Amino acid sequence: MKGSELLRVIGAQVCLHATMAGMRLATPLLALQQGYSAAAVGLLIALFALTQVFLALPAGRFADRHGLKRPLWLSVIAASGGAGLALVFPVFPVMCIAALLTGGATGATVIALQRHVGRSATDPTQLKRVFSWLAIAPAAANFVGPFLAGLLIDHAGRAPADMLAFRICFAVMAFLPLLCWLLARGAHEPPRVAPAAGAAPTRAWDLLREPMFRRLLFVNWLQSSSWDVHAFVLPVLGHDRGISASVIGSILGAFAIAAAVIRVVLPLVASRASERSVILTSTVVTAAVFAVYPLLDSPWTMGICSVILGFALGAVQPMVMSMLHQITPHARHGEALGLRLMTINASSVAMPMLFGSLGALIGIAGVFWVVGGVLALGAKATWGLKL
């Protein structure tokens, strides 16, 4: 894949993902302004992830059958339509529909673009490089979307956060997916790989019968859960230590910056490090950081641990994506990506509730230690990863 085409694909994912990220900021703010409760707003936010759980597998199969452009065009229509509905009818039920549409469109776009990039790579080293670059897109979108939405809400109307400002925000969010299509429509699609003639119909769940795919999915789930536990537990731990909200936010920000930086560095070392060695190193480092994190009182030491954790966890996704494309059949890459996305999103919905219950029983420090212990045990599964 040429660098210019990869850059356009990254820009396309940023534009569509930024629509969801911006709507995820704007719609809860408008709902609160309209007098809805915190519980209703929590439901609204959850809807952004809900369709990604249930649509991931169908979206993966659809991408396997139709390639990149048809899934991408349908996603653009859904995302623009969702934001456009909120523009015309800025009421809570319509904002819930917008959350479902933009969230589902983002998940389908991620699968289609990841499948396209993986199939366009010519060798394992290039796989690691392109997925390292592509992994920067969500981080960029999660900055661009909320930042742009916040600016528009505060400054685009006659007064900060008036209805005109929200409508202008929704209009801009509806326009961003169109930029996604303009950037990606010229992408060159590799020839499609048809299933073998006479082969029996397959189901996505059949992939779980493959031991290496199950192992890779389990390892990826461990790393994703570690990401979730840090985001969920750190604010509580910082509050217990008497650390201010701004400092806690800075520590979380340092984690996000480190995760983005390592993804910029990875393409430069892709030829020198195997996927398994990177994932194993990340697992061991994360387990060690979780062991010492609850013992720290200083914001500076917690910040250092957060940066180390960001480097470790940020390096995992490109390596997982590279391995996934090498161990699954070419004709079923979309299914494999859909199954992975479904697992990760379902975990992100369930894990915070589990962490909260566990923290109530054994304390917040205990949550870090339990997850660290599970990671230490998971290092054996990581060592068994083979191509």
# chains A, B, ... in the order shown; residues from 1 in each chain; ligands from 1
>>> residues_around(residues="region 279-287 of chain A", least_positions_apart="2", cutoff="9 Å", atoms="only C-alpha atoms", output="PyMOL selection string")
chain A and resi 219+222-223+226+274-277+289-291+308-309+311-317+319-320+368-369+371-376+378-380+382-383
>>> write_last_selection(atoms="C-alpha atoms", output="PDB file, in the first residue's frame")
ATOM      1  CA  VAL A 219      -4.743 -12.150  24.821  1.00  0.00           C
ATOM      2  CA  LEU A 222      -6.660  -9.214  28.550  1.00  0.00           C
ATOM      3  CA  GLN A 223      -4.981  -6.107  27.142  1.00  0.00           C
ATOM      4  CA  SER A 226      -6.210  -3.632  31.379  1.00  0.00           C
ATOM      5  CA  SER A 274       8.000  -9.985  16.242  1.00  0.00           C
ATOM      6  CA  GLU A 275       4.342  -9.665  17.139  1.00  0.00           C
ATOM      7  CA  ARG A 276       4.655 -12.201  19.940  1.00  0.00           C
ATOM      8  CA  SER A 277       7.649 -10.496  21.564  1.00  0.00           C
ATOM      9  CA  VAL A 289       2.928  -1.693  36.726  1.00  0.00           C
ATOM     10  CA  PHE A 290      -0.387  -2.890  38.172  1.00  0.00           C
ATOM     11  CA  ALA A 291       1.499  -4.498  41.066  1.00  0.00           C
ATOM     12  CA  ILE A 308       4.822   3.320  30.976  1.00  0.00           C
ATOM     13  CA  LEU A 309       1.404   1.700  30.840  1.00  0.00           C
ATOM     14  CA  PHE A 311       3.628   2.652  25.979  1.00  0.00           C
ATOM     15  CA  ALA A 312       2.927  -0.997  26.860  1.00  0.00           C
ATOM     16  CA  LEU A 313      -0.768  -1.138  25.996  1.00  0.00           C
ATOM     17  CA  GLY A 314      -0.556   1.194  23.002  1.00  0.00           C
ATOM     18  CA  ALA A 315       1.815  -1.203  21.247  1.00  0.00           C
ATOM     19  CA  VAL A 316      -0.544  -4.180  21.398  1.00  0.00           C
ATOM     20  CA  GLN A 317      -3.341  -3.458  18.923  1.00  0.00           C
ATOM     21  CA  MET A 319       0.546  -6.469  16.667  1.00  0.00           C
ATOM     22  CA  VAL A 320      -2.773  -8.220  17.320  1.00  0.00           C
ATOM     23  CA  PHE A 368      -5.258  -3.559  40.275  1.00  0.00           C
ATOM     24  CA  TRP A 369      -3.640  -6.576  41.908  1.00  0.00           C
ATOM     25  CA  VAL A 371      -6.040  -7.849  37.104  1.00  0.00           C
ATOM     26  CA  GLY A 372      -2.240  -7.820  37.354  1.00  0.00           C
ATOM     27  CA  GLY A 373      -2.326 -11.420  38.573  1.00  0.00           C
ATOM     28  CA  VAL A 374      -4.573 -12.463  35.692  1.00  0.00           C
ATOM     29  CA  LEU A 375      -2.152 -10.742  33.291  1.00  0.00           C
ATOM     30  CA  ALA A 376       0.780 -12.644  34.800  1.00  0.00           C
ATOM     31  CA  GLY A 378      -1.979 -14.710  30.711  1.00  0.00           C
ATOM     32  CA  ALA A 379       1.709 -14.360  29.833  1.00  0.00           C
ATOM     33  CA  LYS A 380       1.737 -18.132  29.275  1.00  0.00           C
ATOM     34  CA  THR A 382       0.930 -14.994  25.028  1.00  0.00           C
ATOM     35  CA  TRP A 383       4.081 -17.130  24.850  1.00  0.00           C
TER      36      TRP A 383
END
>>> residues_around(residues="Gly22 (chain A)", least_positions_apart="2", cutoff="6 Å", atoms="only C-alpha atoms", output="list of chain:residue names")
A:Ala18, A:Thr19, A:Met20, A:Arg24, A:Leu25, A:Gly145, A:Pro146, A:Ala149
>>> write_last_selection(atoms="all heavy atoms", output="mmCIF file, in the first residue's frame")
data_model
loop_
_atom_site.group_PDB
_atom_site.id
_atom_site.type_symbol
_atom_site.label_atom_id
_atom_site.label_comp_id
_atom_site.auth_asym_id
_atom_site.auth_seq_id
_atom_site.Cartn_x
_atom_site.Cartn_y
_atom_site.Cartn_z
ATOM 1 N N ALA A 18 -14.575 10.776 14.276
ATOM 2 C CA ALA A 18 -14.741 12.058 14.964
ATOM 3 C C ALA A 18 -16.208 12.461 15.043
ATOM 4 O O ALA A 18 -16.619 13.135 15.995
ATOM 5 C CB ALA A 18 -13.945 13.146 14.245
ATOM 6 N N THR A 19 -17.010 12.046 14.069
ATOM 7 C CA THR A 19 -18.454 12.312 14.141
ATOM 8 C C THR A 19 -19.052 11.670 15.377
ATOM 9 O O THR A 19 -19.790 12.306 16.140
ATOM 10 C CB THR A 19 -19.150 11.785 12.881
ATOM 11 O OG1 THR A 19 -18.692 12.531 11.749
ATOM 12 C CG2 THR A 19 -20.660 11.920 12.998
ATOM 13 N N MET A 20 -18.736 10.378 15.596
ATOM 14 C CA MET A 20 -19.266 9.706 16.777
ATOM 15 C C MET A 20 -18.726 10.348 18.059
ATOM 16 O O MET A 20 -19.478 10.581 19.013
ATOM 17 C CB MET A 20 -18.907 8.225 16.766
ATOM 18 C CG MET A 20 -19.494 7.453 17.945
ATOM 19 S SD MET A 20 -18.800 5.804 18.189
ATOM 20 C CE MET A 20 -17.160 6.192 18.809
ATOM 21 N N ARG A 24 -20.956 12.112 20.848
ATOM 22 C CA ARG A 24 -20.930 11.547 22.199
ATOM 23 C C ARG A 24 -20.690 12.618 23.253
ATOM 24 O O ARG A 24 -21.025 12.444 24.419
ATOM 25 C CB ARG A 24 -19.847 10.455 22.273
ATOM 26 C CG ARG A 24 -19.962 9.519 23.462
ATOM 27 C CD ARG A 24 -19.064 8.318 23.265
ATOM 28 N NE ARG A 24 -17.697 8.693 22.934
ATOM 29 C CZ ARG A 24 -16.795 7.853 22.443
ATOM 30 N NH1 ARG A 24 -17.126 6.601 22.200
ATOM 31 N NH2 ARG A 24 -15.574 8.266 22.179
ATOM 32 N N LEU A 25 -20.106 13.737 22.851
ATOM 33 C CA LEU A 25 -19.979 14.876 23.760
ATOM 34 C C LEU A 25 -21.221 15.765 23.695
ATOM 35 O O LEU A 25 -21.765 16.167 24.731
ATOM 36 C CB LEU A 25 -18.751 15.705 23.402
ATOM 37 C CG LEU A 25 -18.621 17.036 24.166
ATOM 38 C CD1 LEU A 25 -18.197 16.780 25.604
ATOM 39 C CD2 LEU A 25 -17.626 17.964 23.485
ATOM 40 N N GLY A 145 -12.924 15.194 17.400
ATOM 41 C CA GLY A 145 -14.375 15.247 17.518
ATOM 42 C C GLY A 145 -14.864 16.057 18.711
ATOM 43 O O GLY A 145 -15.613 17.035 18.544
ATOM 44 N N PRO A 146 -14.475 15.680 19.936
ATOM 45 C CA PRO A 146 -14.925 16.453 21.096
ATOM 46 C C PRO A 146 -14.425 17.893 21.104
ATOM 47 O O PRO A 146 -15.149 18.805 21.528
ATOM 48 C CB PRO A 146 -14.350 15.666 22.281
ATOM 49 C CG PRO A 146 -14.176 14.283 21.767
ATOM 50 C CD PRO A 146 -13.784 14.451 20.325
ATOM 51 N N ALA A 149 -16.532 19.806 18.574
ATOM 52 C CA ALA A 149 -17.898 19.933 19.085
ATOM 53 C C ALA A 149 -17.959 20.941 20.226
ATOM 54 O O ALA A 149 -18.879 21.771 20.296
ATOM 55 C CB ALA A 149 -18.410 18.574 19.544
#
>>> closest_residue(among="A:Val269, A:Ala26, A:Met212, A:Val247", to="Thr328 (chain A)", atoms="only C-alpha atoms")
A:Met212
>>> residues_around(residues="Val261 (chain A)", least_positions_apart="5", cutoff="12 Å", atoms="only C-alpha atoms", output="ChimeraX atom specification")
/A:132-133,135-136,139-140,254-256,266-268,307-308,310-315
>>> select_by_dssp(residues="region 26-258 of chain A", states="alpha helix (DSSP H)", output="PyMOL selection string")
chain A and resi 26-33+38-66+69-88+92-120+124-134+136-155+163-184+211-240+245-258
>>> atom_distance(atom1="CA of Ser4 (chain A)", atom2="CA of Leu324 (chain A)")
24.5 Å
>>> closest_residue(among="A:Gln34, A:Ser244, A:Gln52, A:Thr27", to="Asn345 (chain A)", atoms="only C-alpha atoms")
A:Gln52
>>> residues_around(residues="Ala99 (chain A)", least_positions_apart="6", cutoff="12 Å", atoms="only C-alpha atoms", output="PyMOL selection string")
chain A and resi 19-28+41-52+78-86+92-93+105-106
>>> write_last_selection(atoms="N, CA and C atoms", output="tab-separated table (two decimals), in the first residue's frame")
chain	number	residue	atom	x	y	z
A	19	THR	N	-17.01	12.05	14.07
A	19	THR	CA	-18.45	12.31	14.14
A	19	THR	C	-19.05	11.67	15.38
A	20	MET	N	-18.74	10.38	15.60
A	20	MET	CA	-19.27	9.71	16.78
A	20	MET	C	-18.73	10.35	18.06
A	21	ALA	N	-17.43	10.64	18.09
A	21	ALA	CA	-16.83	11.22	19.30
A	21	ALA	C	-17.43	12.58	19.61
A	22	GLY	N	-17.67	13.39	18.57
A	22	GLY	CA	-18.29	14.70	18.78
A	22	GLY	C	-19.73	14.58	19.24
A	23	MET	N	-20.48	13.66	18.63
A	23	MET	CA	-21.87	13.45	19.05
A	23	MET	C	-21.94	12.90	20.48
A	24	ARG	N	-20.96	12.11	20.85
A	24	ARG	CA	-20.93	11.55	22.20
A	24	ARG	C	-20.69	12.62	23.25
A	25	LEU	N	-20.11	13.74	22.85
A	25	LEU	CA	-19.98	14.88	23.76
A	25	LEU	C	-21.22	15.77	23.70
A	26	ALA	N	-21.70	16.05	22.49
A	26	ALA	CA	-22.76	17.06	22.32
A	26	ALA	C	-24.11	16.57	22.81
A	27	THR	N	-24.49	15.33	22.47
A	27	THR	CA	-25.83	14.87	22.82
A	27	THR	C	-26.05	14.76	24.34
A	28	PRO	N	-25.10	14.25	25.12
A	28	PRO	CA	-25.33	14.26	26.58
A	28	PRO	C	-25.45	15.68	27.15
A	41	VAL	N	-28.87	10.04	30.66
A	41	VAL	CA	-27.66	10.39	29.90
A	41	VAL	C	-26.72	9.18	29.82
A	42	GLY	N	-26.62	8.40	30.90
A	42	GLY	CA	-25.81	7.20	30.87
A	42	GLY	C	-26.31	6.21	29.83
A	43	LEU	N	-27.63	6.07	29.73
A	43	LEU	CA	-28.21	5.21	28.70
A	43	LEU	C	-27.86	5.73	27.31
A	44	LEU	N	-27.96	7.04	27.12
A	44	LEU	CA	-27.65	7.64	25.83
A	44	LEU	C	-26.21	7.33	25.43
A	45	ILE	N	-25.27	7.48	26.35
A	45	ILE	CA	-23.86	7.22	26.06
A	45	ILE	C	-23.63	5.74	25.74
A	46	ALA	N	-24.33	4.86	26.47
A	46	ALA	CA	-24.17	3.42	26.22
A	46	ALA	C	-24.62	3.03	24.83
A	47	LEU	N	-25.59	3.75	24.27
A	47	LEU	CA	-26.11	3.40	22.95
A	47	LEU	C	-25.06	3.57	21.85
A	48	PHE	N	-24.06	4.41	22.07
A	48	PHE	CA	-23.01	4.58	21.07
A	48	PHE	C	-22.23	3.28	20.87
A	49	ALA	N	-22.11	2.47	21.93
A	49	ALA	CA	-21.37	1.21	21.83
A	49	ALA	C	-22.27	0.02	21.54
A	50	LEU	N	-23.57	0.17	21.80
A	50	LEU	CA	-24.47	-0.99	21.72
A	50	LEU	C	-24.53	-1.58	20.32
A	51	THR	N	-24.70	-0.73	19.31
A	51	THR	CA	-24.81	-1.26	17.94
A	51	THR	C	-23.50	-1.88	17.49
A	52	GLN	N	-22.37	-1.42	18.01
A	52	GLN	CA	-21.09	-2.00	17.62
A	52	GLN	C	-20.98	-3.44	18.11
A	78	ALA	N	-25.31	6.34	7.20
A	78	ALA	CA	-25.83	6.18	8.57
A	78	ALA	C	-25.32	7.27	9.50
A	79	ALA	N	-24.01	7.56	9.44
A	79	ALA	CA	-23.44	8.57	10.33
A	79	ALA	C	-23.98	9.97	10.02
A	80	SER	N	-23.99	10.34	8.73
A	80	SER	CA	-24.53	11.65	8.36
A	80	SER	C	-26.02	11.74	8.66
A	81	GLY	N	-26.73	10.65	8.41
A	81	GLY	CA	-28.16	10.65	8.70
A	81	GLY	C	-28.46	10.77	10.18
A	82	GLY	N	-27.66	10.10	11.02
A	82	GLY	CA	-27.88	10.19	12.46
A	82	GLY	C	-27.65	11.60	12.98
A	83	ALA	N	-26.52	12.20	12.58
A	83	ALA	CA	-26.26	13.57	13.01
A	83	ALA	C	-27.28	14.55	12.41
A	84	GLY	N	-27.70	14.28	11.16
A	84	GLY	CA	-28.70	15.14	10.53
A	84	GLY	C	-30.05	15.08	11.21
A	85	LEU	N	-30.44	13.89	11.69
A	85	LEU	CA	-31.69	13.77	12.43
A	85	LEU	C	-31.65	14.61	13.70
A	86	ALA	N	-30.50	14.56	14.41
A	86	ALA	CA	-30.37	15.37	15.62
A	86	ALA	C	-30.40	16.86	15.30
A	92	PHE	N	-34.62	14.12	22.84
A	92	PHE	CA	-33.92	12.97	23.41
A	92	PHE	C	-34.12	11.68	22.61
A	93	PRO	N	-35.35	11.29	22.24
A	93	PRO	CA	-35.50	10.03	21.50
A	93	PRO	C	-34.72	10.03	20.18
A	105	ALA	N	-22.16	2.96	12.61
A	105	ALA	CA	-21.40	3.35	11.43
A	105	ALA	C	-19.91	3.35	11.70
A	106	THR	N	-19.52	3.80	12.89
A	106	THR	CA	-18.10	3.81	13.24
A	106	THR	C	-17.55	2.40	13.33
>>> closest_residue(among="A:Pro138, A:Gly338, A:Pro329, A:Gly303", to="Arg263 (chain A)", atoms="only C-alpha atoms")
A:Pro138
>>> atom_distance(atom1="CA of Ala12 (chain A)", atom2="CA of Phe232 (chain A)")
29.7 Å
>>> closest_residue(among="A:Val76, A:Leu252, A:Asp154, A:Arg185", to="Phe166 (chain A)", atoms="only C-alpha atoms")
A:Asp154
>>> closest_residue(among="A:Leu385, A:Val370, A:Leu6, A:Cys96", to="Ala288 (chain A)", atoms="only C-alpha atoms")
A:Val370
>>> atom_distance(atom1="CA of Val53 (chain A)", atom2="CA of Leu341 (chain A)")
7.3 Å
>>> residues_around(residues="Ile243 (chain A)", least_positions_apart="4", cutoff="12 Å", atoms="only C-alpha atoms", output="PyMOL selection string")
chain A and resi 234-239+247-251+296-300+302-303
>>> write_last_selection(atoms="C-alpha atoms", output="PDB file, in the first residue's frame")
ATOM      1  CA  LEU A 234      -7.380   5.564  38.393  1.00  0.00           C
ATOM      2  CA  PRO A 235      -9.911   8.369  39.116  1.00  0.00           C
ATOM      3  CA  VAL A 236     -11.136   6.485  42.182  1.00  0.00           C
ATOM      4  CA  LEU A 237      -7.588   5.776  43.366  1.00  0.00           C
ATOM      5  CA  GLY A 238      -6.575   9.403  42.791  1.00  0.00           C
ATOM      6  CA  HIS A 239      -9.606  10.641  44.728  1.00  0.00           C
ATOM      7  CA  VAL A 247      -4.130  16.282  38.042  1.00  0.00           C
ATOM      8  CA  ILE A 248      -6.033  13.006  37.599  1.00  0.00           C
ATOM      9  CA  GLY A 249      -7.040  14.187  34.142  1.00  0.00           C
ATOM     10  CA  SER A 250      -3.424  15.017  33.367  1.00  0.00           C
ATOM     11  CA  ILE A 251      -2.331  11.518  34.413  1.00  0.00           C
ATOM     12  CA  LEU A 296       2.042   5.061  45.031  1.00  0.00           C
ATOM     13  CA  ASP A 297       0.940   8.349  46.629  1.00  0.00           C
ATOM     14  CA  SER A 298       2.700  10.948  44.496  1.00  0.00           C
ATOM     15  CA  PRO A 299       1.041  12.268  41.324  1.00  0.00           C
ATOM     16  CA  TRP A 300       4.458  12.297  39.670  1.00  0.00           C
ATOM     17  CA  MET A 302       1.579   7.731  39.246  1.00  0.00           C
ATOM     18  CA  GLY A 303       2.115   9.784  36.096  1.00  0.00           C
TER      19      GLY A 303
END
>>> closest_atom_pairs(of="region 243-349 of chain A", to="region 114-120 of chain A", cutoff="8 Å", atoms="only C-alpha atoms", output="tab-separated table")
residue	atom	partner	partner_atom	distance
A:Ser322	CA	A:Gly118	CA	7.5
A:His325	CA	A:Gly118	CA	6.4
A:His330	CA	A:Arg119	CA	7.6
A:His333	CA	A:Arg115	CA	6.2
A:Gly334	CA	A:Arg115	CA	6.0
A:Leu337	CA	A:Arg115	CA	7.4
>>> residues_around(residues="Ser75 (chain A)", least_positions_apart="5", cutoff="9 Å", atoms="only C-alpha atoms", output="PyMOL selection string")
chain A and resi 16+70+80+101-102+104-109+177
>>> write_last_selection(atoms="N, CA, C and O atoms", output="PDB file, in the first residue's frame")
ATOM      1  N   LEU A  16     -14.843   9.982  10.117  1.00  0.00           N
ATOM      2  CA  LEU A  16     -16.083   9.328  10.523  1.00  0.00           C
ATOM      3  C   LEU A  16     -16.100   9.044  12.026  1.00  0.00           C
ATOM      4  O   LEU A  16     -17.114   9.226  12.697  1.00  0.00           O
ATOM      5  N   ARG A  70     -18.682  -0.357  -0.569  1.00  0.00           N
ATOM      6  CA  ARG A  70     -20.096  -0.428  -0.236  1.00  0.00           C
ATOM      7  C   ARG A  70     -20.328  -0.320   1.278  1.00  0.00           C
ATOM      8  O   ARG A  70     -21.183   0.461   1.714  1.00  0.00           O
ATOM      9  N   SER A  80     -23.990  10.344   8.733  1.00  0.00           N
ATOM     10  CA  SER A  80     -24.526  11.655   8.359  1.00  0.00           C
ATOM     11  C   SER A  80     -26.019  11.742   8.664  1.00  0.00           C
ATOM     12  O   SER A  80     -26.510  12.779   9.130  1.00  0.00           O
ATOM     13  N   LEU A 101     -27.009   5.108  15.321  1.00  0.00           N
ATOM     14  CA  LEU A 101     -26.558   5.176  13.933  1.00  0.00           C
ATOM     15  C   LEU A 101     -25.072   5.537  13.834  1.00  0.00           C
ATOM     16  O   LEU A 101     -24.324   4.893  13.082  1.00  0.00           O
ATOM     17  N   THR A 102     -24.638   6.549  14.565  1.00  0.00           N
ATOM     18  CA  THR A 102     -23.228   6.953  14.464  1.00  0.00           C
ATOM     19  C   THR A 102     -22.306   5.913  15.086  1.00  0.00           C
ATOM     20  O   THR A 102     -21.211   5.660  14.586  1.00  0.00           O
ATOM     21  N   GLY A 104     -22.905   2.574  15.306  1.00  0.00           N
ATOM     22  CA  GLY A 104     -22.845   1.446  14.386  1.00  0.00           C
ATOM     23  C   GLY A 104     -22.029   1.752  13.145  1.00  0.00           C
ATOM     24  O   GLY A 104     -21.265   0.904  12.656  1.00  0.00           O
ATOM     25  N   ALA A 105     -22.164   2.961  12.611  1.00  0.00           N
ATOM     26  CA  ALA A 105     -21.399   3.353  11.426  1.00  0.00           C
ATOM     27  C   ALA A 105     -19.907   3.348  11.704  1.00  0.00           C
ATOM     28  O   ALA A 105     -19.099   2.916  10.867  1.00  0.00           O
ATOM     29  N   THR A 106     -19.519   3.796  12.889  1.00  0.00           N
ATOM     30  CA  THR A 106     -18.099   3.813  13.243  1.00  0.00           C
ATOM     31  C   THR A 106     -17.547   2.403  13.327  1.00  0.00           C
ATOM     32  O   THR A 106     -16.454   2.117  12.821  1.00  0.00           O
ATOM     33  N   GLY A 107     -18.287   1.488  13.969  1.00  0.00           N
ATOM     34  CA  GLY A 107     -17.820   0.111  14.063  1.00  0.00           C
ATOM     35  C   GLY A 107     -17.676  -0.540  12.696  1.00  0.00           C
ATOM     36  O   GLY A 107     -16.676  -1.221  12.414  1.00  0.00           O
ATOM     37  N   ALA A 108     -18.661  -0.355  11.824  1.00  0.00           N
ATOM     38  CA  ALA A 108     -18.596  -0.938  10.484  1.00  0.00           C
ATOM     39  C   ALA A 108     -17.446  -0.347   9.675  1.00  0.00           C
ATOM     40  O   ALA A 108     -16.771  -1.059   8.908  1.00  0.00           O
ATOM     41  N   THR A 109     -17.194   0.950   9.843  1.00  0.00           N
ATOM     42  CA  THR A 109     -16.084   1.600   9.135  1.00  0.00           C
ATOM     43  C   THR A 109     -14.753   1.058   9.597  1.00  0.00           C
ATOM     44  O   THR A 109     -13.848   0.794   8.785  1.00  0.00           O
ATOM     45  N   PRO A 177     -18.613  12.846   7.867  1.00  0.00           N
ATOM     46  CA  PRO A 177     -18.588  11.580   7.132  1.00  0.00           C
ATOM     47  C   PRO A 177     -18.476  11.739   5.620  1.00  0.00           C
ATOM     48  O   PRO A 177     -17.933  10.858   4.943  1.00  0.00           O
TER      49      PRO A 177
END
